[in-house]
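Chemist: Got a structure for you, questions after.
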There are 2 protein chains.
Amino acid sequence: MKIKVVTRILEANDRIADENRKRFKEAGVSVVNLMGAPGAGKTTLLERTIQALKPRLRIGVIEGDIVGSDDAERISALDVPVVQINTGGACHLDANMISEVLDDLPLRELDLLIIENVGNLVCPAEFKVGEDAKMMVLSVAEGHDKPLKYPLMFRESSALVINKIDLLPYMNTDINKVRNDSLALNPKLKIFEVSCAKGTGIDQWAQWLSALRS
Amino acid sequence: MKIKVVTRILEANDRIADENRKRFKEAGVSVVNLMGAPGAGKTTLLERTIQALKPRLRIGVIEGDIVGSDDAERISALDVPVVQINTGGACHLDANMISEVLDDLPLRELDLLIIENVGNLVCPAEFKVGEDAKMMVLSVAEGHDKPLKYPLMFRESSALVINKIDLLPYMNTDINKVRNDSLALNPKLKIFEVSCAKGTGIDQWAQWLSALRS
């Protein structure tokens with residue numbers, strides 16, 4: 001009974017995600033769904049990515065948070081169009097939430113729309129929003145056991161950005177285990193090692209992201 | 001309609017949580033629901049806590065993960081009774097999952113049962129499992145914006161363990177902002193600063209936890 005309800009919710013979500021996808025295609029905008037645990041560094045990666053790609057691509061952002069608009073204010077300071085969604089308790093964005101804010105973005109004037117999901121390694125991976133690709137951020141401070149404990153997000157993502165690698169000397173995280181376990185779950189996963197704090201690896205990641213567009 | 005379903009699910013959960021609570025009371029065991037984001041250090045805190053309190057208290061553990069039994073194996077190595085729950089996708093433990101494993105624990109021979117929830121800063125705070133108190137772990141690597149972005153868990157918790165303080169010199173996290181924003185949400189919140197890696201602050205935390213029992 002409970003499972004039936006969940007299935008119905010996911011089916012309804014997929015239908016709306018398809019409508020969003022059609023709309024994105026018509027507008028000619030590529031869409032990335034950016035996911036990761038709280039504090040993995042999604043917003044900071046977004047800031048660095050925008051700084052790197054702004055000369056080449058017209059970028060827009062949708063920020064998803066339970067409450068507040070801190071992240072949207074950070075992105076807005078970079079002078080790109082941004083909309084904040086507050087889920088009011090829900091632990092993930094769904095297709096309907098995205099659909100409701102699309103009129104607030106100049107879709108036809110964008111090359112790339114990045115949707116930053118609620119900080120959560122679990123549910124965001126279950127809900128399509130109409131994206132071309134899902135990508136995830138993992139901080140090395142989260143430890144090397146995450147791929148095996150939260151496999152769905154690693155399976156669903158096209159790219160994994162391993163962030164905060166400047167902290168590696170101060171902890172026991174085995175980054176090769178992260179790589180190997182992630183690739184075992186998803187052999188096509190593209191992996192980037194990045195430090196948003198120091199700027200390491202951002203160019204390579206941004207280069208790859210912009211190449212997706214063509 | 002969707003909200004109605006969610007309300008019904010939460011009501012059913014509360015009923016089972018009350019039954020669990022009655023059972024814990026009859027057995028004379030205190031119960032803590034330990035929550036936090038993925039990689040905050042919940043299992044490592046649990047290991048240190050057991051090492052500190054084992055001479056004084058008979059401790060049992062329920063481990064909640066989506067898949068796998070890594071955490072239960074780590075706890076089992078400390079020679080305390082432990083049961084692993086795999087939620088199979090669900091991003092939180094609920095009262096029914098707990099109810100179903102209670103026969104597998106020697107409740108009457110325990111003083112303290114610690115339930116480690118699924119790594120998630122959102123949903124675990126919504127589902128009572130019959131606990132006497134909720135407690136949460138936050139890693140300094142998650143940044144200082146978490147109380148304002150994920151307020152419910154900070155409101156619901158009796159104690160906040162700020163973990164990985166040995167990393168503070170290498171990052172911009174403002175721990176006073178974490179303290180102030182947390183206390184603004186929940187003035188009764190007891191806050192501990194801890195490094196599980198270095199052992200800092202564990203005695204104080206363990207002392208407080210064991211005093212709850214009396």
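Ordering of the structure tokens sets the chain letters (A, B, ...), residue numbers begin anew at 1 in every chain, and ligands are numbered from 1 in the order given.
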Please identify all residues of chain A having at least one atom at most 7 Å from any atom of chain B, considering only C-alpha atoms, and return them as a list in words.

Modeler: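 Residues satisfying the distance criterion: Ala37, Pro38, Gly39, Ala40, Asp65, Ile66, Val67, Gly68, Cys91, Asn120, Val122, Cys123, Ala141, Glu142, Gly143, Lys149 and Tyr150 of chain A.
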
Chemist: Selected residues, N, CA and C atoms, written as a PDB file, in the first residue's frame, please.

Modeler:
ATOM      1  N   ALA A  37      25.946  15.451  -0.456  1.00  0.00           N
ATOM      2  CA  ALA A  37      25.577  15.559   0.958  1.00  0.00           C
ATOM      3  C   ALA A  37      25.667  17.013   1.413  1.00  0.00           C
ATOM      4  N   PRO A  38      25.058  17.338   2.554  1.00  0.00           N
ATOM      5  CA  PRO A  38      25.221  18.689   3.112  1.00  0.00           C
ATOM      6  C   PRO A  38      26.706  18.979   3.360  1.00  0.00           C
ATOM      7  N   GLY A  39      27.160  20.138   2.911  1.00  0.00           N
ATOM      8  CA  GLY A  39      28.547  20.508   3.183  1.00  0.00           C
ATOM      9  C   GLY A  39      29.579  19.862   2.282  1.00  0.00           C
ATOM     10  N   ALA A  40      29.158  19.175   1.229  1.00  0.00           N
ATOM     11  CA  ALA A  40      30.137  18.600   0.291  1.00  0.00           C
ATOM     12  C   ALA A  40      30.841  19.702  -0.490  1.00  0.00           C
ATOM     13  N   ASP A  65      16.855  24.501  -1.507  1.00  0.00           N
ATOM     14  CA  ASP A  65      17.143  24.379  -0.071  1.00  0.00           C
ATOM     15  C   ASP A  65      15.833  24.194   0.668  1.00  0.00           C
ATOM     16  N   ILE A  66      15.908  23.635   1.837  1.00  0.00           N
ATOM     17  CA  ILE A  66      14.704  23.461   2.656  1.00  0.00           C
ATOM     18  C   ILE A  66      14.158  24.829   3.062  1.00  0.00           C
ATOM     19  N   VAL A  67      15.038  25.672   3.561  1.00  0.00           N
ATOM     20  CA  VAL A  67      14.671  27.060   3.894  1.00  0.00           C
ATOM     21  C   VAL A  67      15.817  27.982   3.501  1.00  0.00           C
ATOM     22  N   GLY A  68      15.540  29.273   3.445  1.00  0.00           N
ATOM     23  CA  GLY A  68      16.600  30.264   3.287  1.00  0.00           C
ATOM     24  C   GLY A  68      16.992  30.535   1.853  1.00  0.00           C
ATOM     25  N   CYS A  91      13.216  16.729   1.343  1.00  0.00           N
ATOM     26  CA  CYS A  91      14.661  16.477   1.342  1.00  0.00           C
ATOM     27  C   CYS A  91      15.240  16.379  -0.059  1.00  0.00           C
ATOM     28  N   ASN A 120      21.823  16.079   0.337  1.00  0.00           N
ATOM     29  CA  ASN A 120      21.286  14.773   0.723  1.00  0.00           C
ATOM     30  C   ASN A 120      21.863  13.752  -0.244  1.00  0.00           C
ATOM     31  N   VAL A 122      20.833  10.725  -0.603  1.00  0.00           N
ATOM     32  CA  VAL A 122      19.894   9.640  -0.857  1.00  0.00           C
ATOM     33  C   VAL A 122      18.823  10.052  -1.878  1.00  0.00           C
ATOM     34  N   CYS A 123      17.784  10.731  -1.434  1.00  0.00           N
ATOM     35  CA  CYS A 123      16.560  10.921  -2.231  1.00  0.00           C
ATOM     36  C   CYS A 123      16.718  11.724  -3.521  1.00  0.00           C
ATOM     37  N   ALA A 141      36.288  14.763   3.287  1.00  0.00           N
ATOM     38  CA  ALA A 141      36.027  14.698   4.731  1.00  0.00           C
ATOM     39  C   ALA A 141      34.877  13.763   5.070  1.00  0.00           C
ATOM     40  N   GLU A 142      34.107  13.353   4.069  1.00  0.00           N
ATOM     41  CA  GLU A 142      33.004  12.413   4.321  1.00  0.00           C
ATOM     42  C   GLU A 142      33.492  10.976   4.446  1.00  0.00           C
ATOM     43  N   GLY A 143      34.763  10.739   4.124  1.00  0.00           N
ATOM     44  CA  GLY A 143      35.307   9.379   4.250  1.00  0.00           C
ATOM     45  C   GLY A 143      35.144   8.561   2.983  1.00  0.00           C
ATOM     46  N   LYS A 149      27.864   2.786   0.700  1.00  0.00           N
ATOM     47  CA  LYS A 149      26.740   3.024   1.602  1.00  0.00           C
ATOM     48  C   LYS A 149      25.588   3.783   0.939  1.00  0.00           C
ATOM     49  N   TYR A 150      25.902   4.540  -0.114  1.00  0.00           N
ATOM     50  CA  TYR A 150      24.876   5.338  -0.805  1.00  0.00           C
ATOM     51  C   TYR A 150      24.999   5.100  -2.316  1.00  0.00           C
TER      52      TYR A 150
END

Chemist: Determine, counting only C-alpha atoms, which protein, DNA and RNA residues have an atom within 7 Å of an atom of Asn117 of chain B; residues of the same chain fewer than 5 positions away are not included. Present the result as a PDB file with C-alpha atoms, in the first residue's frame.

Modeler:
ATOM      1  CA  ASN B  33      18.696   8.289  18.318  1.00  0.00           C
ATOM      2  CA  LEU B  34      22.006   9.445  16.788  1.00  0.00           C
ATOM      3  CA  MET B  35      21.663  11.459  13.593  1.00  0.00           C
ATOM      4  CA  GLU B  63      22.932   0.468  12.954  1.00  0.00           C
ATOM      5  CA  GLY B  64      20.820   1.987  10.187  1.00  0.00           C
ATOM      6  CA  HIS B  92      15.757   7.369   7.490  1.00  0.00           C
ATOM      7  CA  LEU B  93      14.850   4.810  10.135  1.00  0.00           C
ATOM      8  CA  PRO B 124      15.590  11.247  10.319  1.00  0.00           C
TER       9      PRO B 124
END

Chemist: Counting only C-alpha atoms, what is within 8 Å of Leu46 of chain B, bar same-chain residues fewer than 4 positions away, as number ranges by chain?

Modeler: B: 42, 50, 75

Chemist: With all heavy atoms retained, write the just-selected residues as a compact mmCIF listing (two decimals), in the first residue's frame.

Modeler:
# COMPACT_ATOMS: atom_id res chain seq x y z
N LYS B 42 29.44 9.71 12.69
CA LYS B 42 28.55 9.08 13.67
C LYS B 42 29.12 7.76 14.18
O LYS B 42 29.15 7.52 15.39
CB LYS B 42 27.17 8.82 13.04
CG LYS B 42 26.39 10.07 12.70
CD LYS B 42 25.03 9.77 12.09
CE LYS B 42 25.10 9.10 10.72
NZ LYS B 42 25.83 9.88 9.69
N ILE B 50 31.62 4.12 23.06
CA ILE B 50 31.57 2.77 23.64
C ILE B 50 32.86 2.48 24.40
O ILE B 50 32.84 1.98 25.53
CB ILE B 50 31.34 1.71 22.53
CG1 ILE B 50 29.92 1.86 21.97
CG2 ILE B 50 31.58 0.30 23.06
CD1 ILE B 50 29.67 1.08 20.69
N ILE B 75 31.26 -1.90 15.01
CA ILE B 75 30.75 -1.87 16.39
C ILE B 75 30.89 -3.25 17.03
O ILE B 75 31.29 -3.38 18.20
CB ILE B 75 29.27 -1.42 16.40
CG1 ILE B 75 29.13 -0.01 15.83
CG2 ILE B 75 28.70 -1.51 17.81
CD1 ILE B 75 29.95 1.06 16.53

Chemist: In Å, with one decimal, what is the gap from atom CA of Ile98 of chain A to atom CA of Glu47 of chain A?

Modeler: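 That distance, rounded to one decimal, is 20.8 Å.
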
Chemist: Among segment 18-177 of chain B, which ones does DSSP assign to alpha helix (DSSP H) (computed from the backbone)? Answer as a count of residues only.

Modeler: 49

Chemist: Apply DSSP to the backbone of this structure and, from segment 146-178 of chain B, keep only the residues in strand (DSSP E or B); write these as number ranges by chain.

Modeler: B: 159-163

Chemist: Write out the residues from the selection above, keeping N, CA, C and O atoms, as a PDB file, in the first residue's frame.

Modeler:
ATOM      1  N   ALA B 159      21.407  17.172  22.049  1.00  0.00           N
ATOM      2  CA  ALA B 159      22.835  17.481  22.040  1.00  0.00           C
ATOM      3  C   ALA B 159      23.355  17.547  20.609  1.00  0.00           C
ATOM      4  O   ALA B 159      22.879  16.829  19.726  1.00  0.00           O
ATOM      5  N   LEU B 160      24.320  18.438  20.420  1.00  0.00           N
ATOM      6  CA  LEU B 160      25.019  18.578  19.133  1.00  0.00           C
ATOM      7  C   LEU B 160      26.498  18.307  19.382  1.00  0.00           C
ATOM      8  O   LEU B 160      27.129  18.992  20.189  1.00  0.00           O
ATOM      9  N   VAL B 161      27.018  17.294  18.718  1.00  0.00           N
ATOM     10  CA  VAL B 161      28.461  17.026  18.794  1.00  0.00           C
ATOM     11  C   VAL B 161      29.100  17.604  17.540  1.00  0.00           C
ATOM     12  O   VAL B 161      28.825  17.149  16.428  1.00  0.00           O
ATOM     13  N   ILE B 162      29.923  18.635  17.724  1.00  0.00           N
ATOM     14  CA  ILE B 162      30.657  19.213  16.592  1.00  0.00           C
ATOM     15  C   ILE B 162      31.962  18.434  16.480  1.00  0.00           C
ATOM     16  O   ILE B 162      32.830  18.523  17.351  1.00  0.00           O
ATOM     17  N   ASN B 163      32.080  17.653  15.419  1.00  0.00           N
ATOM     18  CA  ASN B 163      33.179  16.692  15.276  1.00  0.00           C
ATOM     19  C   ASN B 163      34.258  17.213  14.310  1.00  0.00           C
ATOM     20  O   ASN B 163      34.031  18.172  13.588  1.00  0.00           O
TER      21      ASN B 163
END

Chemist: Extract, using only C-alpha atoms, all DNA, RNA and protein residues at most 10 Å from Glu131 of chain B, discarding same-chain residues fewer than 5 positions from it, and format them as a list in words.

Modeler: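 Result of the neighbour search: Ala17, Asp18, Asn20, Arg21, Phe24, Ser30, Val31, Val32, Asn33, Leu34, Ala95, Leu113, Ile114 and Ile115 of chain B.
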
Chemist: Residues of the last selection are to be written out with C-alpha atoms, as an mmCIF file, in the first residue's frame.

Modeler:
data_model
loop_
_atom_site.group_PDB
_atom_site.id
_atom_site.type_symbol
_atom_site.label_atom_id
_atom_site.label_comp_id
_atom_site.auth_asym_id
_atom_site.auth_seq_id
_atom_site.Cartn_x
_atom_site.Cartn_y
_atom_site.Cartn_z
ATOM 1 C CA ALA B 17 7.207 4.713 18.399
ATOM 2 C CA ASP B 18 5.052 4.860 21.537
ATOM 3 C CA ASN B 20 8.730 0.926 21.303
ATOM 4 C CA ARG B 21 9.080 3.501 24.071
ATOM 5 C CA PHE B 24 12.279 0.279 26.355
ATOM 6 C CA SER B 30 17.697 4.413 27.847
ATOM 7 C CA VAL B 31 17.606 5.028 24.119
ATOM 8 C CA VAL B 32 19.429 7.609 21.997
ATOM 9 C CA ASN B 33 18.696 8.289 18.318
ATOM 10 C CA LEU B 34 22.006 9.445 16.788
ATOM 11 C CA ALA B 95 9.605 3.173 14.353
ATOM 12 C CA LEU B 113 20.806 1.562 23.410
ATOM 13 C CA ILE B 114 22.241 3.836 20.729
ATOM 14 C CA ILE B 115 20.470 3.867 17.368
#

Chemist: If we count only C-alpha atoms and set the cut-off at 12 Å, which residues sit around Gly199 of chain B, ignoring sequence neighbours fewer than 3 positions away in its own chain? Please answer as a ChimeraX atom specification.

Modeler: /B:44-45,47-49,51-52,163-166,193-196,202-206

Chemist: Would you list the contacts of Asp104 of chain B as a ChimeraX atom specification, taking every protein, DNA or RNA residue within 10 Å and counting only C-alpha atoms, but skipping same-chain residues closer than 4 positions in sequence?

Modeler: /B:81-83,100

Chemist: Can I get the selection written as an mmCIF file, in the first residue's frame, with N, CA, C and O atoms?

Modeler:
data_model
loop_
_atom_site.group_PDB
_atom_site.id
_atom_site.type_symbol
_atom_site.label_atom_id
_atom_site.label_comp_id
_atom_site.auth_asym_id
_atom_site.auth_seq_id
_atom_site.Cartn_x
_atom_site.Cartn_y
_atom_site.Cartn_z
ATOM 1 N N PRO B 81 26.507 -5.883 21.820
ATOM 2 C CA PRO B 81 25.445 -6.388 20.941
ATOM 3 C C PRO B 81 25.058 -5.343 19.897
ATOM 4 O O PRO B 81 24.868 -4.179 20.236
ATOM 5 N N VAL B 82 24.958 -5.760 18.650
ATOM 6 C CA VAL B 82 24.629 -4.816 17.576
ATOM 7 C C VAL B 82 23.739 -5.496 16.545
ATOM 8 O O VAL B 82 23.903 -6.691 16.260
ATOM 9 N N VAL B 83 22.783 -4.763 16.028
ATOM 10 C CA VAL B 83 21.921 -5.248 14.950
ATOM 11 C C VAL B 83 22.004 -4.243 13.810
ATOM 12 O O VAL B 83 21.960 -3.033 14.036
ATOM 13 N N GLU B 100 10.869 -4.072 14.597
ATOM 14 C CA GLU B 100 11.104 -5.404 14.016
ATOM 15 C C GLU B 100 12.413 -6.060 14.443
ATOM 16 O O GLU B 100 12.584 -7.267 14.282
#
